[in-house]
Amino acid sequence: MRTMKAAVFVEPGKIILDEKPIPSIGPGEALVKITTTTICGTDVHILKGEYPVEPGRIVGHEPVGVIAELGAGVTGYAIGQRVVVGAITPCGQCHSCLDGHQAQCGGKAMGGWRFGNTIDGCQAEYLKVPFAMANLCPVPDGLTDEQVLMCPDIMSTGFGGAEAGRIRIGDTVVIFAQGPIGLCATAGARLKGASQIIVVDSLPERLETAKRMGADIVLDYKQVDPVAEILKITGGRGADVSIEALGTQQTFESCLRSLKPGGTLSSLGVYSGKLELPLDAFAAGLGDHTLVTTLCPGGKERMRRLMNVVASRRVNLEPLVTHRFKLDEIEQAYELFANQRDGVLKVAITP
């Protein structure tokens with residue numbers, strides 16, 4: 001039996017590097033040799049036991065690699081071809097996919113999120129890709145792994161928040177939290193035509209990065225009351241769109257309180273525990289607010305479009321990669337990332 005190194009969830013608080021069998025593939029599937037991957041905040045939720053996966057699961061859902069094997073029926077690709085695979089792997093054939101909700105593949109909430117959740121993920125030397133024809137996306141010549149590393153999840157999710165918020169040209173947009181997803185939401189809001197982008201965080205390096213991503217005004221919530229400041233900046237009107245990119249009661253509520261009547265709250269956070277809706281901020285349900293949630297859009301067409309944005313230099317997300325580790329160092333990488341030390345934004349993991 002051929003084996004590989006892989007990051008494996010053991011129990012809450014414990015992800016280790018272990019030996020696992022190299023996956024065998026069947027019809028419609030592909031085997032990808034991972035060249036670069038990364039750690040996501042959702043992986044930290046798994047590590048902490050805040051999102052349940054079964055013990056022994058290989059974690060990770062942001063793969064860049066080369067095709068090692070192709071199953072029967074997978075055509076138009078070649079062994080050795082560089083590919084990106086989205087964190088969400090829709091089948092492309094079920095009712096949800098055909099209805100435009102690929103992330104909810106199979107008619108199940110989050111059904112399209114398979115890697116590191118319901119099947120083994122990509123923090124390993126090899127990855128089995130289901131529904132390969134719908135999910136393998138060739139990497140354009142000239143783009144490096146790190147240039148496209150944000151496409152599978154972080155870029156797709158952040159941009160998805162801006163898209164779901166239906167930002168219009170000339171809108172004022174507020175984004176709470178400037179971690180990697182929030183920073184991508186900032187870049188997405190700029191591309192969508194927002195004329196004023198206000199971001200909220202407390203870490204100076206993230207606020208500086210936000211400016212490079214397109215933020216016009218940065219607010220440190222430890223120095224000012226962000227809701228009061230946003231209302232002051234907008235002349236008491238409130239933001240047209242607010243984007244929640246952390247997943248806490250406080251940031252969700254602040255997003256809602258920052259909105260104008262008739263505004264849209266676009267939520268990207270992964271929440272744990274109870275989320276409460278303050279009735280005054282919600283105008284008792286009569287404020288014509290829109291609340292929309294987004295799970296990272298996936299599939300090969302989504303990946304193609306995102307890589308086109310990178311290739312055209314409309315956005316540069318390479319600065320989000322602040323630290324680099326070998327797969328052998330995955331436990332150290334988790335310790336750094338989970339504790340948000342040393343100014344970390346994203347880590348690149350290379351087998």
# chains A, B, ... in the order shown; residues from 1 in each chain; ligands from 1
>>> residues_around(residues="stretch 181-190 of chain A", least_positions_apart="2", cutoff="6 Å", atoms="only C-alpha atoms", output="ChimeraX atom specification")
/A:154-155,158-159,162,177-179,192-194,210,213-214,245
>>> write_last_selection(atoms="all heavy atoms", output="short mmCIF file (atom, residue, chain, number, x, y, z; two decimals), in the first residue's frame")
data_model
loop_
_atom_site.label_atom_id
_atom_site.label_comp_id
_atom_site.auth_asym_id
_atom_site.auth_seq_id
_atom_site.Cartn_x
_atom_site.Cartn_y
_atom_site.Cartn_z
N ILE A 154 -10.62 31.68 0.02
CA ILE A 154 -10.59 33.01 0.61
C ILE A 154 -11.05 34.08 -0.38
O ILE A 154 -11.89 34.93 -0.07
CB ILE A 154 -9.17 33.34 1.14
CG1 ILE A 154 -8.75 32.30 2.19
CG2 ILE A 154 -9.13 34.74 1.72
CD1 ILE A 154 -9.70 32.18 3.36
N MET A 155 -10.50 34.05 -1.58
CA MET A 155 -10.89 35.02 -2.60
C MET A 155 -12.34 34.79 -3.03
O MET A 155 -13.13 35.74 -3.14
CB MET A 155 -9.96 34.91 -3.80
CG MET A 155 -10.21 35.92 -4.90
SD MET A 155 -9.08 35.61 -6.30
CE MET A 155 -9.50 36.98 -7.38
N GLY A 158 -14.63 35.93 -0.03
CA GLY A 158 -14.66 37.38 0.14
C GLY A 158 -15.37 38.08 -1.00
O GLY A 158 -16.22 38.95 -0.79
N PHE A 159 -15.03 37.70 -2.24
CA PHE A 159 -15.71 38.27 -3.39
C PHE A 159 -17.20 37.91 -3.35
O PHE A 159 -18.05 38.71 -3.72
CB PHE A 159 -15.08 37.75 -4.68
CG PHE A 159 -13.84 38.48 -5.12
CD1 PHE A 159 -13.00 39.09 -4.18
CD2 PHE A 159 -13.48 38.55 -6.45
CE1 PHE A 159 -11.85 39.76 -4.58
CE2 PHE A 159 -12.34 39.22 -6.85
CZ PHE A 159 -11.52 39.83 -5.92
N ALA A 162 -19.21 40.32 -1.37
CA ALA A 162 -19.48 41.56 -2.10
C ALA A 162 -20.55 41.34 -3.17
O ALA A 162 -21.45 42.17 -3.35
CB ALA A 162 -18.19 42.08 -2.74
N ALA A 177 -14.05 43.36 10.19
CA ALA A 177 -12.97 42.37 10.30
C ALA A 177 -12.18 42.31 9.00
O ALA A 177 -12.75 42.18 7.91
CB ALA A 177 -13.47 40.99 10.69
N GLN A 178 -10.86 42.43 9.14
CA GLN A 178 -9.96 42.44 8.00
C GLN A 178 -8.94 41.31 8.09
O GLN A 178 -7.74 41.50 7.89
CB GLN A 178 -9.29 43.79 7.86
CG GLN A 178 -10.22 44.89 7.40
CD GLN A 178 -10.74 44.68 5.99
OE1 GLN A 178 -10.04 44.92 5.01
NE2 GLN A 178 -11.98 44.22 5.87
N GLY A 179 -9.46 40.11 8.41
CA GLY A 179 -8.67 38.92 8.20
C GLY A 179 -8.62 38.65 6.71
O GLY A 179 -9.07 39.47 5.89
N LYS A 192 -16.54 45.88 -7.43
CA LYS A 192 -17.98 46.00 -7.71
C LYS A 192 -18.43 47.44 -7.88
O LYS A 192 -19.57 47.70 -8.28
CB LYS A 192 -18.78 45.34 -6.58
CG LYS A 192 -18.72 43.83 -6.55
CD LYS A 192 -19.56 43.21 -7.67
CE LYS A 192 -21.04 43.34 -7.38
NZ LYS A 192 -21.86 42.72 -8.46
N GLY A 193 -17.56 48.40 -7.57
CA GLY A 193 -17.88 49.79 -7.84
C GLY A 193 -18.25 50.64 -6.65
O GLY A 193 -18.76 51.76 -6.82
N ALA A 194 -18.02 50.13 -5.42
CA ALA A 194 -18.29 50.96 -4.24
C ALA A 194 -17.44 52.22 -4.29
O ALA A 194 -16.26 52.17 -4.62
CB ALA A 194 -17.99 50.17 -2.97
N ALA A 210 -5.54 46.62 4.29
CA ALA A 210 -6.87 46.98 3.79
C ALA A 210 -6.81 48.19 2.87
O ALA A 210 -7.52 48.25 1.85
CB ALA A 210 -7.81 47.24 4.95
N MET A 213 -5.82 47.11 -0.43
CA MET A 213 -6.88 46.34 -1.09
C MET A 213 -8.04 47.22 -1.58
O MET A 213 -8.94 46.73 -2.25
CB MET A 213 -7.42 45.26 -0.14
CG MET A 213 -6.43 44.17 0.17
SD MET A 213 -6.02 43.18 -1.27
CE MET A 213 -4.59 42.30 -0.65
N GLY A 214 -8.03 48.50 -1.17
CA GLY A 214 -9.07 49.39 -1.68
C GLY A 214 -9.87 50.14 -0.65
O GLY A 214 -10.77 50.91 -1.01
N ALA A 245 -17.39 39.63 8.39
CA ALA A 245 -16.36 38.68 7.94
C ALA A 245 -15.61 38.02 9.09
O ALA A 245 -14.46 37.64 8.93
CB ALA A 245 -15.36 39.40 7.02
#
>>> residues_around(residues="stretch 44-56 of chain A", least_positions_apart="4", cutoff="8 Å", atoms="only C-alpha atoms", output="list in words")
Val8, Phe9, Val10, Glu11, Pro12, Gly13, Lys14, Ile15, Cys40, Gly116, Asn117, Thr118, Ser272, Tyr334 and Ala338 of chain A
>>> closest_residue(among="A:Gln123, A:Val83, A:Gly76, A:Pro140", to="A:Asp328", atoms="only C-alpha atoms")
A:Gln123
>>> residues_around(residues="A:Leu277", least_positions_apart="5", cutoff="12 Å", atoms="only C-alpha atoms", output="ChimeraX atom specification")
/A:249-257,282-285,291
>>> residues_around(residues="A:Gly299", least_positions_apart="5", cutoff="7 Å", atoms="only C-alpha atoms", output="NGL selection string")
:A and (86 or 88-90 or 134-135)
>>> write_last_selection(atoms="N, CA, C and O atoms", output="PDB file, in the first residue's frame")
ATOM      1  N   GLY A  86     -11.622  24.150  -6.344  1.00  0.00           N
ATOM      2  CA  GLY A  86     -12.313  24.966  -5.359  1.00  0.00           C
ATOM      3  C   GLY A  86     -12.557  24.220  -4.056  1.00  0.00           C
ATOM      4  O   GLY A  86     -12.646  22.992  -4.021  1.00  0.00           O
ATOM      5  N   ILE A  88     -15.247  24.236  -2.568  1.00  0.00           N
ATOM      6  CA  ILE A  88     -16.575  23.660  -2.778  1.00  0.00           C
ATOM      7  C   ILE A  88     -16.534  22.873  -4.075  1.00  0.00           C
ATOM      8  O   ILE A  88     -16.138  23.399  -5.115  1.00  0.00           O
ATOM      9  N   THR A  89     -16.935  21.589  -4.014  1.00  0.00           N
ATOM     10  CA  THR A  89     -16.862  20.718  -5.196  1.00  0.00           C
ATOM     11  C   THR A  89     -18.258  20.233  -5.585  1.00  0.00           C
ATOM     12  O   THR A  89     -18.670  19.134  -5.234  1.00  0.00           O
ATOM     13  N   PRO A  90     -19.010  21.037  -6.327  1.00  0.00           N
ATOM     14  CA  PRO A  90     -20.363  20.647  -6.733  1.00  0.00           C
ATOM     15  C   PRO A  90     -20.345  19.509  -7.745  1.00  0.00           C
ATOM     16  O   PRO A  90     -19.395  19.367  -8.521  1.00  0.00           O
ATOM     17  N   ALA A 134     -16.282  18.734 -13.241  1.00  0.00           N
ATOM     18  CA  ALA A 134     -16.915  19.971 -12.779  1.00  0.00           C
ATOM     19  C   ALA A 134     -15.990  20.819 -11.922  1.00  0.00           C
ATOM     20  O   ALA A 134     -16.316  21.977 -11.625  1.00  0.00           O
ATOM     21  N   ASN A 135     -14.832  20.250 -11.538  1.00  0.00           N
ATOM     22  CA  ASN A 135     -14.054  20.927 -10.500  1.00  0.00           C
ATOM     23  C   ASN A 135     -12.576  21.159 -10.792  1.00  0.00           C
ATOM     24  O   ASN A 135     -11.956  21.991 -10.129  1.00  0.00           O
TER      25      ASN A 135
END
>>> closest_residue(among="A:Leu17, A:Ala103, A:Val241, A:Leu143", to="A:Arg168", atoms="only C-alpha atoms")
A:Val241
